[in-house]
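Quick look at work_31.tsv (TSV, C-alpha atoms):
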```
chain	number	residue	atom	x	y	z
A	494	MET	CA	-22.07	10.63	-10.72
A	495	VAL	CA	-22.13	12.14	-7.25
A	496	ASN	CA	-24.70	10.23	-5.26
A	497	TYR	CA	-24.79	12.23	-2.04
A	498	ASN	CA	-26.50	15.49	-1.11
A	499	ARG	CA	-24.17	18.19	0.19
A	500	THR	CA	-27.00	20.20	1.72
A	501	SER	CA	-28.56	17.38	3.74
A	502	GLN	CA	-28.48	17.33	7.51
A	503	ARG	CA	-26.85	13.93	7.36
A	504	PHE	CA	-24.00	15.26	5.22
A	505	ASN	CA	-23.44	18.15	7.63
A	506	GLN	CA	-23.41	15.81	10.59
A	507	GLN	CA	-20.91	13.56	8.84
A	508	GLN	CA	-18.64	16.53	8.13
A	509	GLU	CA	-18.82	17.68	11.75
A	510	MET	CA	-17.88	14.22	13.01
A	511	LEU	CA	-15.06	13.96	10.48
A	512	LEU	CA	-13.65	17.30	11.61
A	513	GLU	CA	-13.72	16.10	15.21
A	514	ILE	CA	-11.86	12.91	14.20
A	515	GLN	CA	-9.33	14.98	12.26
A	516	LYS	CA	-8.68	17.20	15.29
A	517	LEU	CA	-8.24	14.31	17.71
A	518	GLN	CA	-6.18	12.25	15.31
A	519	PHE	CA	-3.88	15.20	14.60
A	520	ALA	CA	-3.44	15.81	18.33
A	521	ALA	CA	-2.61	12.12	18.85
A	522	LEU	CA	-0.25	12.08	15.88
A	523	ASP	CA	1.63	15.20	16.88
A	524	THR	CA	1.98	13.91	20.44
A	525	ALA	CA	3.24	10.57	19.06
A	526	LEU	CA	5.94	12.32	17.02
A	527	TYR	CA	7.08	14.03	20.22
A	528	LEU	CA	7.00	10.68	22.06
A	529	ASP	CA	9.10	9.05	19.32
A	530	THR	CA	12.00	11.23	20.44
A	531	HIS	CA	10.92	11.56	24.13
A	532	PRO	CA	9.56	8.07	24.94
A	533	ASN	CA	9.54	8.63	28.74
A	534	ASP	CA	7.84	12.02	28.91
A	535	PRO	CA	4.92	11.59	31.39
A	536	VAL	CA	2.94	14.63	30.25
A	537	ALA	CA	3.11	13.61	26.60
A	538	LEU	CA	2.16	10.04	27.54
A	539	TYR	CA	-0.87	11.30	29.45
A	540	ARG	CA	-1.98	13.54	26.58
A	541	HIS	CA	-1.54	10.77	24.02
A	542	LYS	CA	-3.69	8.47	26.12
A	543	MET	CA	-6.38	11.16	26.45
A	544	TYR	CA	-6.46	11.93	22.71
A	545	THR	CA	-6.48	8.29	21.61
A	546	ASP	CA	-9.28	7.44	24.09
A	547	GLN	CA	-11.43	10.28	22.74
A	548	LEU	CA	-10.50	9.41	19.16
A	549	LYS	CA	-11.65	5.81	19.61
A	550	GLN	CA	-15.04	6.97	20.95
A	551	VAL	CA	-15.72	9.43	18.13
A	552	LYS	CA	-14.48	7.00	15.50
A	553	ASP	CA	-16.67	4.16	16.80
A	554	ALA	CA	-19.72	6.46	16.71
A	555	TYR	CA	-18.84	7.63	13.17
A	556	GLU	CA	-18.32	4.12	11.85
A	557	MET	CA	-21.56	2.90	13.40
A	558	GLN	CA	-23.44	5.60	11.51
A	559	PHE	CA	-21.53	5.97	8.24
A	560	GLY	CA	-19.66	2.70	7.81
A	561	PRO	CA	-16.03	1.61	8.15
A	562	MET	CA	-13.24	4.21	7.78
A	563	THR	CA	-10.69	1.44	7.28
A	564	ILE	CA	-10.97	-2.04	5.83
A	565	PHE	CA	-10.12	-3.47	9.26
A	566	SER	CA	-13.14	-1.94	11.00
A	567	HIS	CA	-16.39	-3.81	11.63
A	568	GLU	CA	-19.24	-3.30	9.19
A	569	VAL	CA	-22.31	-3.43	11.43
A	570	GLY	CA	-24.72	-3.00	8.54
A	571	ASP	CA	-25.69	-5.54	5.86
A	572	ASN	CA	-23.63	-3.97	3.06
A	573	TRP	CA	-20.01	-2.81	2.81
A	574	ARG	CA	-20.48	0.98	3.24
A	575	TYR	CA	-16.71	1.52	3.14
A	576	ILE	CA	-16.96	2.10	-0.64
A	577	ASN	CA	-19.71	4.74	-0.39
A	578	SER	CA	-19.24	8.32	-1.63
A	579	PRO	CA	-18.04	10.82	-0.77
A	580	TRP	CA	-14.39	9.75	-0.92
A	581	PRO	CA	-11.95	12.27	0.60
A	582	TRP	CA	-11.26	13.96	-2.75
A	583	GLU	CA	-14.97	14.41	-3.46
A	584	ILE	CA	-15.92	16.47	-0.41
B	51	MET	CA	-5.10	9.46	5.39
B	52	PHE	CA	-2.48	6.77	5.87
B	53	MET	CA	-1.24	5.16	9.03
B	54	TYR	CA	1.40	2.60	9.85
B	55	GLU	CA	0.89	-0.68	11.65
B	56	LYS	CA	4.07	-2.05	13.19
B	57	LYS	CA	4.16	-5.53	11.69
B	58	LEU	CA	4.74	-7.23	8.35
B	59	GLN	CA	1.75	-8.42	6.34
B	60	TYR	CA	3.27	-11.91	6.16
B	61	PRO	CA	6.43	-13.27	7.88
B	62	VAL	CA	9.72	-12.85	6.02
B	63	ARG	CA	12.42	-15.38	6.91
B	64	VAL	CA	15.66	-16.59	5.35
B	65	THR	CA	17.79	-19.66	6.10
B	66	ASN	CA	21.12	-18.09	5.18
B	67	LYS	CA	22.57	-14.84	3.95
B	68	ASP	CA	22.68	-14.69	0.13
B	69	VAL	CA	24.09	-11.48	-1.37
B	70	ARG	CA	23.39	-12.51	-4.95
B	71	MET	CA	19.72	-13.11	-4.09
B	72	ALA	CA	19.48	-9.79	-2.19
B	73	LYS	CA	20.54	-8.02	-5.37
B	74	ALA	CA	17.90	-9.90	-7.36
B	75	VAL	CA	14.97	-9.26	-4.97
B	76	LEU	CA	15.71	-5.53	-4.94
B	77	ASN	CA	14.09	-5.62	-8.38
B	78	GLN	CA	10.68	-5.95	-6.70
B	79	TYR	CA	11.44	-2.87	-4.56
B	80	GLY	CA	12.61	-0.31	-7.12
B	81	GLY	CA	12.22	-2.07	-10.47
B	82	ALA	CA	9.79	-1.13	-13.23
B	83	ASP	CA	7.32	-3.85	-12.22
B	84	GLY	CA	8.10	-3.67	-8.51
B	85	GLU	CA	5.97	-2.87	-5.51
B	86	ALA	CA	6.79	0.88	-5.46
B	87	SER	CA	5.62	1.23	-9.07
B	88	ALA	CA	2.44	-0.72	-8.33
B	89	SER	CA	1.61	1.31	-5.25
B	90	MET	CA	2.23	4.70	-6.88
B	91	ASN	CA	0.21	3.58	-9.91
B	92	TYR	CA	-2.92	2.60	-8.00
B	93	LEU	CA	-2.85	5.32	-5.35
B	94	THR	CA	-2.61	7.91	-8.15
B	95	GLN	CA	-5.13	6.42	-10.57
B	96	ARG	CA	-7.90	6.13	-7.97
B	97	PHE	CA	-8.58	9.89	-8.26
B	98	SER	CA	-10.05	9.43	-11.73
B	99	MET	CA	-12.12	6.31	-11.03
B	100	PRO	CA	-15.87	6.79	-11.76
B	101	LEU	CA	-17.20	4.01	-9.50
B	102	ASN	CA	-16.97	3.50	-5.75
B	103	GLU	CA	-15.98	-0.14	-6.29
B	104	THR	CA	-12.91	0.85	-8.31
B	105	LYS	CA	-12.00	3.80	-6.05
B	106	ALA	CA	-11.99	1.29	-3.19
B	107	ILE	CA	-10.06	-1.50	-4.92
B	108	LEU	CA	-7.30	0.85	-6.16
B	109	THR	CA	-7.03	2.45	-2.71
B	110	ASP	CA	-6.82	-0.87	-0.89
B	111	ILE	CA	-4.51	-2.67	-3.31
B	112	GLY	CA	-2.29	0.44	-3.57
B	113	THR	CA	-2.06	0.42	0.22
B	114	GLU	CA	-1.34	-3.32	0.37
B	115	GLU	CA	1.54	-2.75	-2.08
B	116	LEU	CA	3.14	-0.39	0.45
B	117	GLY	CA	3.13	-3.34	2.84
B	118	HIS	CA	4.77	-5.46	0.12
B	119	MET	CA	7.51	-2.84	-0.28
B	120	GLU	CA	8.17	-3.31	3.43
B	121	MET	CA	8.31	-7.11	3.01
B	122	VAL	CA	10.72	-6.92	0.04
B	123	ALA	CA	12.93	-4.43	1.90
B	124	THR	CA	12.94	-6.78	4.92
B	125	LEU	CA	13.88	-9.71	2.69
B	126	PHE	CA	16.73	-7.65	1.18
B	127	LYS	CA	18.01	-6.69	4.64
B	128	LYS	CA	17.86	-10.28	5.94
B	129	LEU	CA	19.60	-11.71	2.88
B	130	LEU	CA	22.49	-9.29	3.45
B	131	LYS	CA	22.78	-9.80	7.21
B	132	GLY	CA	26.31	-10.86	8.12
B	133	ALA	CA	27.67	-10.57	4.56
B	134	THR	CA	31.42	-9.99	4.37
B	135	ARG	CA	33.27	-7.47	2.21
B	136	ASP	CA	34.47	-10.24	-0.09
B	137	GLU	CA	30.97	-11.66	-0.49
B	138	LEU	CA	29.55	-8.23	-1.39
B	139	ILE	CA	32.28	-7.65	-3.98
B	140	ALA	CA	31.96	-11.18	-5.42
B	141	ALA	CA	28.20	-10.69	-5.92
B	142	GLY	CA	28.73	-7.36	-7.68
B	143	MET	CA	27.44	-5.29	-4.78
B	144	GLY	CA	30.63	-3.33	-4.05
B	145	GLY	CA	29.32	-0.24	-5.78
B	146	TYR	CA	25.95	-0.59	-4.06
B	147	PHE	CA	27.66	-0.83	-0.66
B	148	ALA	CA	29.73	2.28	-1.38
B	149	ASN	CA	26.54	4.23	-2.05
B	150	HIS	CA	23.97	2.78	0.35
B	151	GLU	CA	25.75	0.30	2.65
B	152	THR	CA	23.04	-2.38	3.16
B	153	CYS	CA	20.06	0.00	3.19
B	154	PRO	CA	17.39	-0.88	0.61
B	155	PHE	CA	17.22	1.74	-2.11
B	156	LEU	CA	14.81	2.23	-5.04
B	157	LEU	CA	16.86	0.46	-7.73
B	158	ASP	CA	16.23	-2.55	-9.92
B	159	ALA	CA	18.48	-5.65	-9.88
B	160	ASP	CA	20.87	-3.95	-12.32
B	161	GLY	CA	21.11	-0.74	-10.29
B	162	VAL	CA	18.79	1.37	-12.49
B	163	PRO	CA	17.04	3.93	-10.24
B	164	TRP	CA	13.25	3.99	-9.92
B	165	GLU	CA	11.43	6.69	-11.87
B	166	ALA	CA	7.90	8.00	-12.29
B	167	LYS	CA	7.98	6.80	-15.90
B	168	TYR	CA	7.29	3.33	-14.48
B	169	THR	CA	3.80	4.51	-13.54
B	170	GLN	CA	0.76	5.38	-15.62
B	171	ALA	CA	-2.29	7.51	-14.90
B	172	LYS	CA	-4.18	8.10	-18.11
B	173	GLY	CA	-7.24	9.59	-16.45
B	174	ASP	CA	-9.24	7.03	-18.40
B	175	PRO	CA	-10.41	4.25	-16.07
B	176	ILE	CA	-10.51	1.53	-18.73
B	177	ALA	CA	-6.99	2.31	-19.95
B	178	ASP	CA	-5.72	2.45	-16.36
B	179	LEU	CA	-7.33	-0.82	-15.28
B	180	TYR	CA	-5.95	-2.68	-18.32
B	181	ASN	CA	-2.56	-1.22	-17.40
B	182	ASP	CA	-2.95	-2.45	-13.82
B	183	MET	CA	-3.91	-5.97	-14.87
B	184	ALA	CA	-0.79	-6.08	-17.05
B	185	ALA	CA	1.28	-4.73	-14.14
B	186	GLU	CA	0.09	-7.55	-11.86
B	187	GLN	CA	0.98	-10.17	-14.49
B	188	LYS	CA	4.45	-8.65	-14.94
B	189	ALA	CA	5.01	-8.71	-11.18
B	190	ARG	CA	3.73	-12.32	-11.05
B	191	ALA	CA	6.25	-13.28	-13.75
B	192	THR	CA	9.08	-11.50	-11.88
B	193	TYR	CA	8.29	-13.39	-8.67
B	194	GLU	CA	8.36	-16.66	-10.61
B	195	ASN	CA	11.80	-15.74	-11.98
B	196	LEU	CA	13.00	-14.87	-8.45
B	197	ILE	CA	11.69	-18.23	-7.11
B	198	LEU	CA	13.83	-19.98	-9.77
B	199	LEU	CA	16.90	-18.03	-8.61
B	200	THR	CA	16.96	-19.42	-5.03
B	201	ASP	CA	17.09	-22.80	-3.29
B	202	ASP	CA	16.23	-21.40	0.15
B	203	PRO	CA	12.76	-22.80	1.11
B	204	LEU	CA	12.03	-19.85	3.43
B	205	VAL	CA	12.83	-17.27	0.73
B	206	LYS	CA	10.73	-19.29	-1.73
B	207	ASP	CA	7.84	-19.27	0.75
B	208	THR	CA	7.81	-15.46	1.00
B	209	LEU	CA	8.16	-15.07	-2.77
B	210	ARG	CA	5.39	-17.58	-3.44
B	211	TRP	CA	3.08	-15.69	-1.11
B	212	LEU	CA	3.81	-12.39	-2.84
B	213	ARG	CA	3.23	-14.09	-6.22
B	214	GLU	CA	-0.20	-15.25	-5.03
B	215	ARG	CA	-1.16	-11.70	-4.11
B	216	GLU	CA	-0.44	-10.57	-7.69
B	217	ILE	CA	-2.95	-13.16	-8.93
B	218	VAL	CA	-5.63	-12.01	-6.47
B	219	HIS	CA	-5.05	-8.38	-7.43
B	220	PHE	CA	-5.31	-9.25	-11.14
B	221	GLN	CA	-8.66	-10.92	-10.43
B	222	ARG	CA	-10.03	-7.90	-8.49
B	223	PHE	CA	-8.87	-5.44	-11.19
B	224	GLY	CA	-10.58	-7.61	-13.80
B	225	GLU	CA	-13.84	-7.37	-11.85
B	226	GLY	CA	-13.35	-3.60	-11.54
B	227	LEU	CA	-12.78	-3.35	-15.29
B	228	ARG	CA	-16.01	-5.25	-15.99
B	229	LEU	CA	-17.97	-2.85	-13.73
B	230	VAL	CA	-16.44	0.21	-15.41
B	231	GLU	CA	-17.15	-1.17	-18.87
B	232	GLU	CA	-20.80	-1.79	-17.96
B	233	TYR	CA	-21.02	1.70	-16.52
B	234	SER	CA	-19.41	3.26	-19.61
B	235	THR	CA	-21.75	1.45	-21.97
B	236	ASN	CA	-24.74	2.87	-20.14
B	237	LYS	CA	-23.49	6.35	-19.32
B	238	ARG	CA	-21.01	7.50	-21.90
B	239	HIS	CA	-22.02	9.96	-24.64
B	240	PHE	CA	-19.65	11.26	-27.29
```
Go ahead and render the structure in this file as C-alpha cells.
Amino acid sequence: MVNYNRTSQRFNQQQEMLLEIQKLQFAALDTALYLDTHPNDPVALYRHKMYTDQLKQVKDAYEMQFGPMTIFSHEVGDNWRYINSPWPWEI
Amino acid sequence: MFMYEKKLQYPVRVTNKDVRMAKAVLNQYGGADGEASASMNYLTQRFSMPLNETKAILTDIGTEELGHMEMVATLFKKLLKGATRDELIAAGMGGYFANHETCPFLLDADGVPWEAKYTQAKGDPIADLYNDMAAEQKARATYENLILLTDDPLVKDTLRWLREREIVHFQRFGEGLRLVEEYSTNKRHF
C-alpha cells in the first residue's frame, strides 16, 4: 500500500525541505498573529516580510521537485503529483 | 495544514433583508446535511482512504466545504442586515437573537444544534464513499428547497451555484468509489 521508500536519499531530502518549510511557515504565522493585534509594528512587519520571502523560495524549490503542496500551485510535470504518497499522516 | 484566503469562493449578494430566509439558510450551516457536516465528514474520512486519488478528493472537497460554510454564513449575515426587532420576532427569530444576536451559529432552520452524530467515518472506504454520495444528494435537495423559498434573484444565484457544487462533488465521489472498488477486487483477501 505504501509506495515510497523511507530510507531513500530522495525521501530524506524531501523531509529536510519539509522541515525547513514548516519552520519558516511557523515563523511567518506566529509573526502574523502578532501583527493581527499590532498592525503597525515595524519590526514585526520586517520579520514577516523576511520569513515569507524565504518561505516562497523554499516552497517553490520543493514544489518543483516533489509536486504541488496545494491545489492552487503549478504542476510543472506531466502528471498531477499532488496526490502522491506520502500524505502527512503517512510520514 | 490549513490556511485562510481572505475572499469568498463565489460572490454572495442579496437584494433585500429577509429574516425568514436567513433562518432557512442557516440549515446549510449547522443542519444535518449542511456544509459543516460535509466538511467534518470528508476531512475525517480521508485518514482511512486506501488510494491517493480518494485521499486527495476527500481532502479537497472537505476543504471546499469550509469555504461553503463561509458563504452560507455570509448569506445569513446579509439577509439579516438592517432587520428590526419586530421583523426578527415576526419571523420567529426572537429566541435566536436573545442567544446569538445576528451571529451565525451551528443550528439547523428549527434551532437544533449541530452534533457529531451528523457525520460518519466507518473506516471502510466503500461505506464512507457511499455515505458521501448520499450526503451530496441530500445537500443538493436542500438547496433546491431553499431556492423555492425565495424570490430574490441574487439569493437564488448563490444557492444555485452551491447546488451545482453538490452535483460536481457527487460525480467525483462516484469516480473515487469506482477506483476503490476496483482496488478492493484486486487486493482484498478475507
Could you list the residues in chain A lying within 7 Å of chain B, using all atoms listed in the file, and format the result as a CSV table (one decimal) with C-alpha atoms, in the frame of the given file?
```csv
chain,number,residue,atom,x,y,z
A,576,ILE,CA,-17.0,2.1,-0.6
A,577,ASN,CA,-19.7,4.7,-0.4
A,578,SER,CA,-19.2,8.3,-1.6
```
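We find CA of Ala185 in chain B and CA of Ala88 in chain B to be spaced 7.2 Å apart.
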Residues at most 9 Å from Met557 in chain A, counting all atoms listed in the file, excluding those fewer than 3 positions away in the same chain, as a PDB file with C-alpha atoms, keeping the file's coordinate frame?
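File out_2.pdb, as written:
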```pdb
ATOM      1  CA  LYS A 552     -14.480   7.000  15.500  1.00  0.00           C
ATOM      2  CA  ASP A 553     -16.670   4.160  16.800  1.00  0.00           C
ATOM      3  CA  ALA A 554     -19.720   6.460  16.710  1.00  0.00           C
ATOM      4  CA  GLY A 560     -19.660   2.700   7.810  1.00  0.00           C
ATOM      5  CA  PRO A 561     -16.030   1.610   8.150  1.00  0.00           C
ATOM      6  CA  HIS A 567     -16.390  -3.810  11.630  1.00  0.00           C
ATOM      7  CA  GLU A 568     -19.240  -3.300   9.190  1.00  0.00           C
ATOM      8  CA  VAL A 569     -22.310  -3.430  11.430  1.00  0.00           C
ATOM      9  CA  GLY A 570     -24.720  -3.000   8.540  1.00  0.00           C
TER      10      GLY A 570
END
```
So which residues touch Arg228 in chain B within 12 Å, counting all atoms listed in the file, skipping near sequence neighbours fewer than 3 positions away, as a PyMOL selection string? chain B and resi 101+103-104+175-176+179-180+221-225+231-235
Kindly export the residues of the current selection with C-alpha atoms, as a short mmCIF file (atom, residue, chain, number, x, y, z; two decimals), in the coordinates of the input.
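Okay, selection.cif is ready:
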```cif
data_model
loop_
_atom_site.label_atom_id
_atom_site.label_comp_id
_atom_site.auth_asym_id
_atom_site.auth_seq_id
_atom_site.Cartn_x
_atom_site.Cartn_y
_atom_site.Cartn_z
CA LEU B 101 -17.20 4.01 -9.50
CA GLU B 103 -15.98 -0.14 -6.29
CA THR B 104 -12.91 0.85 -8.31
CA PRO B 175 -10.41 4.25 -16.07
CA ILE B 176 -10.51 1.53 -18.73
CA LEU B 179 -7.33 -0.82 -15.28
CA TYR B 180 -5.95 -2.68 -18.32
CA GLN B 221 -8.66 -10.92 -10.43
CA ARG B 222 -10.03 -7.90 -8.49
CA PHE B 223 -8.87 -5.44 -11.19
CA GLY B 224 -10.58 -7.61 -13.80
CA GLU B 225 -13.84 -7.37 -11.85
CA GLU B 231 -17.15 -1.17 -18.87
CA GLU B 232 -20.80 -1.79 -17.96
CA TYR B 233 -21.02 1.70 -16.52
CA SER B 234 -19.41 3.26 -19.61
CA THR B 235 -21.75 1.45 -21.97
#
```
- request: In Å, rounded to a single decimal, give me how far CA of Leu58 in chain B is from CA of Asp182 in chain B.
  value: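 The value is 23.9 Å.
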### Task
Considering all atoms listed in the file, return as a count of residues only whatever protein or nucleic-acid residues lie within 10 Å of Met90 in chain B, sequence-local ones (same chain, fewer than 6 positions apart) excluded.
9
Just to confirm, what's the straight-line distance from CA of Ala123 in chain B to CA of Leu76 in chain B in Å (one decimal)?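 Taking CA of Ala123 in chain B as the start and CA of Leu76 in chain B as the end point, the length is 7.5 Å.
Using all atoms listed in the file, the shortest contact distance between Ala521 in chain A and any of A:Lys549, A:Arg499, A:Arg574, A:Arg540 is found at A:Arg540.
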At most 12 Å from (29.7, -10.6, -2.6), file frame, all atoms listed in the file: which residues, as a list in words?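 Within 12 Å of (29.7, -10.6, -2.6), the protein and nucleic acid residues are Lys67, Asp68, Val69, Arg70, Met71, Ala72, Lys73, Leu129, Leu130, Gly132, Ala133, Thr134, Arg135, Asp136, Glu137, Leu138, Ile139, Ala140, Ala141, Gly142, Met143, Gly144, Gly145, Tyr146 and Phe147 of chain B.
Residues surrounding Pro163 in chain B within 8 Å are B:Gly80, B:Gly81, B:Leu156, B:Leu157, B:Asp158 [all atoms listed in the file; sequence separation below 3 positions excluded].
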Write the selection just made, keeping C-alpha atoms, as a tab-separated table (two decimals), keeping the file's coordinate frame?
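Final output, selection_35.tsv:
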```
chain	number	residue	atom	x	y	z
B	80	GLY	CA	12.61	-0.31	-7.12
B	81	GLY	CA	12.22	-2.07	-10.47
B	156	LEU	CA	14.81	2.23	-5.04
B	157	LEU	CA	16.86	0.46	-7.73
B	158	ASP	CA	16.23	-2.55	-9.92
```
Check your understanding: Restricting the calculation to only C-alpha atoms, which member of B:Asn149, B:Ser98, B:Leu227, B:Val62 is positioned closest to Gly161 in chain B?
Key ->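 Checking each of B:Asn149, B:Ser98, B:Leu227, B:Val62 against Gly161 in chain B, counting only C-alpha atoms, the winner is B:Asn149.
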>> Taking (-15.7, 14.8, 11.8) as a centre in this file's frame and 12 Å as the limit, can you find every polymer residue with an atom that close, using all atoms listed in the file, and give them as an MDAnalysis selection string?
In response: chainID A and resid 504:518 548 551:556 559 562
Using only C-alpha atoms, please write the residues we just selected to a file, as an mmCIF file, in the frame of the given file.
```cif
data_model
loop_
_atom_site.group_PDB
_atom_site.id
_atom_site.type_symbol
_atom_site.label_atom_id
_atom_site.label_comp_id
_atom_site.auth_asym_id
_atom_site.auth_seq_id
_atom_site.Cartn_x
_atom_site.Cartn_y
_atom_site.Cartn_z
ATOM 1 C CA PHE A 504 -24.000 15.260 5.220
ATOM 2 C CA ASN A 505 -23.440 18.150 7.630
ATOM 3 C CA GLN A 506 -23.410 15.810 10.590
ATOM 4 C CA GLN A 507 -20.910 13.560 8.840
ATOM 5 C CA GLN A 508 -18.640 16.530 8.130
ATOM 6 C CA GLU A 509 -18.820 17.680 11.750
ATOM 7 C CA MET A 510 -17.880 14.220 13.010
ATOM 8 C CA LEU A 511 -15.060 13.960 10.480
ATOM 9 C CA LEU A 512 -13.650 17.300 11.610
ATOM 10 C CA GLU A 513 -13.720 16.100 15.210
ATOM 11 C CA ILE A 514 -11.860 12.910 14.200
ATOM 12 C CA GLN A 515 -9.330 14.980 12.260
ATOM 13 C CA LYS A 516 -8.680 17.200 15.290
ATOM 14 C CA LEU A 517 -8.240 14.310 17.710
ATOM 15 C CA GLN A 518 -6.180 12.250 15.310
ATOM 16 C CA LEU A 548 -10.500 9.410 19.160
ATOM 17 C CA VAL A 551 -15.720 9.430 18.130
ATOM 18 C CA LYS A 552 -14.480 7.000 15.500
ATOM 19 C CA ASP A 553 -16.670 4.160 16.800
ATOM 20 C CA ALA A 554 -19.720 6.460 16.710
ATOM 21 C CA TYR A 555 -18.840 7.630 13.170
ATOM 22 C CA GLU A 556 -18.320 4.120 11.850
ATOM 23 C CA PHE A 559 -21.530 5.970 8.240
ATOM 24 C CA MET A 562 -13.240 4.210 7.780
#
```
One residue among B:Gln59, B:Thr65, B:Ser89, B:Gln78 is nearest to Gly117 in chain B when using only C-alpha atoms, and that residue is B:Gln59
Please reconstruct the missing atoms of range 549-565 of chain A (target: N, CA and C atoms) and return them as a PDB file, in the coordinates of the input.
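Contents of the output file out_0.pdb:
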```
ATOM      1  N   LYS A 549     -10.999   7.115  19.762  1.00  0.00           N
ATOM      2  CA  LYS A 549     -11.650   5.810  19.610  1.00  0.00           C
ATOM      3  C   LYS A 549     -13.176   5.965  19.750  1.00  0.00           C
ATOM      4  N   GLN A 550     -13.602   6.771  20.740  1.00  0.00           N
ATOM      5  CA  GLN A 550     -15.040   6.970  20.950  1.00  0.00           C
ATOM      6  C   GLN A 550     -15.719   7.609  19.738  1.00  0.00           C
ATOM      7  N   VAL A 551     -15.112   8.709  19.258  1.00  0.00           N
ATOM      8  CA  VAL A 551     -15.720   9.430  18.130  1.00  0.00           C
ATOM      9  C   VAL A 551     -15.709   8.567  16.871  1.00  0.00           C
ATOM     10  N   LYS A 552     -14.611   7.846  16.677  1.00  0.00           N
ATOM     11  CA  LYS A 552     -14.480   7.000  15.500  1.00  0.00           C
ATOM     12  C   LYS A 552     -15.499   5.861  15.513  1.00  0.00           C
ATOM     13  N   ASP A 553     -15.678   5.242  16.681  1.00  0.00           N
ATOM     14  CA  ASP A 553     -16.670   4.160  16.800  1.00  0.00           C
ATOM     15  C   ASP A 553     -18.064   4.676  16.446  1.00  0.00           C
ATOM     16  N   ALA A 554     -18.395   5.873  16.974  1.00  0.00           N
ATOM     17  CA  ALA A 554     -19.720   6.460  16.710  1.00  0.00           C
ATOM     18  C   ALA A 554     -19.868   6.761  15.215  1.00  0.00           C
ATOM     19  N   TYR A 555     -18.804   7.297  14.605  1.00  0.00           N
ATOM     20  CA  TYR A 555     -18.840   7.630  13.170  1.00  0.00           C
ATOM     21  C   TYR A 555     -19.044   6.367  12.340  1.00  0.00           C
ATOM     22  N   GLU A 556     -18.270   5.341  12.659  1.00  0.00           N
ATOM     23  CA  GLU A 556     -18.320   4.120  11.850  1.00  0.00           C
ATOM     24  C   GLU A 556     -19.662   3.394  11.978  1.00  0.00           C
ATOM     25  N   MET A 557     -20.246   3.489  13.174  1.00  0.00           N
ATOM     26  CA  MET A 557     -21.560   2.900  13.400  1.00  0.00           C
ATOM     27  C   MET A 557     -22.571   3.539  12.442  1.00  0.00           C
ATOM     28  N   GLN A 558     -22.456   4.863  12.293  1.00  0.00           N
ATOM     29  CA  GLN A 558     -23.440   5.600  11.510  1.00  0.00           C
ATOM     30  C   GLN A 558     -23.154   5.640  10.010  1.00  0.00           C
ATOM     31  N   PHE A 559     -21.860   5.755   9.657  1.00  0.00           N
ATOM     32  CA  PHE A 559     -21.530   5.970   8.240  1.00  0.00           C
ATOM     33  C   PHE A 559     -20.737   4.839   7.608  1.00  0.00           C
ATOM     34  N   GLY A 560     -20.410   3.821   8.375  1.00  0.00           N
ATOM     35  CA  GLY A 560     -19.660   2.700   7.810  1.00  0.00           C
ATOM     36  C   GLY A 560     -18.178   2.777   8.116  1.00  0.00           C
ATOM     37  N   PRO A 561     -17.443   1.700   7.785  1.00  0.00           N
ATOM     38  CA  PRO A 561     -16.030   1.610   8.150  1.00  0.00           C
ATOM     39  C   PRO A 561     -15.167   2.707   7.518  1.00  0.00           C
ATOM     40  N   MET A 562     -14.222   3.250   8.303  1.00  0.00           N
ATOM     41  CA  MET A 562     -13.240   4.210   7.780  1.00  0.00           C
ATOM     42  C   MET A 562     -12.012   3.474   7.260  1.00  0.00           C
ATOM     43  N   THR A 563     -11.796   2.260   7.765  1.00  0.00           N
ATOM     44  CA  THR A 563     -10.690   1.440   7.280  1.00  0.00           C
ATOM     45  C   THR A 563     -11.237   0.055   6.984  1.00  0.00           C
ATOM     46  N   ILE A 564     -10.485  -0.701   6.196  1.00  0.00           N
ATOM     47  CA  ILE A 564     -10.970  -2.040   5.830  1.00  0.00           C
ATOM     48  C   ILE A 564     -10.822  -3.022   6.981  1.00  0.00           C
ATOM     49  N   PHE A 565     -10.256  -2.593   8.094  1.00  0.00           N
ATOM     50  CA  PHE A 565     -10.120  -3.470   9.260  1.00  0.00           C
ATOM     51  C   PHE A 565     -11.110  -3.115  10.364  1.00  0.00           C
TER      52      PHE A 565
END
```
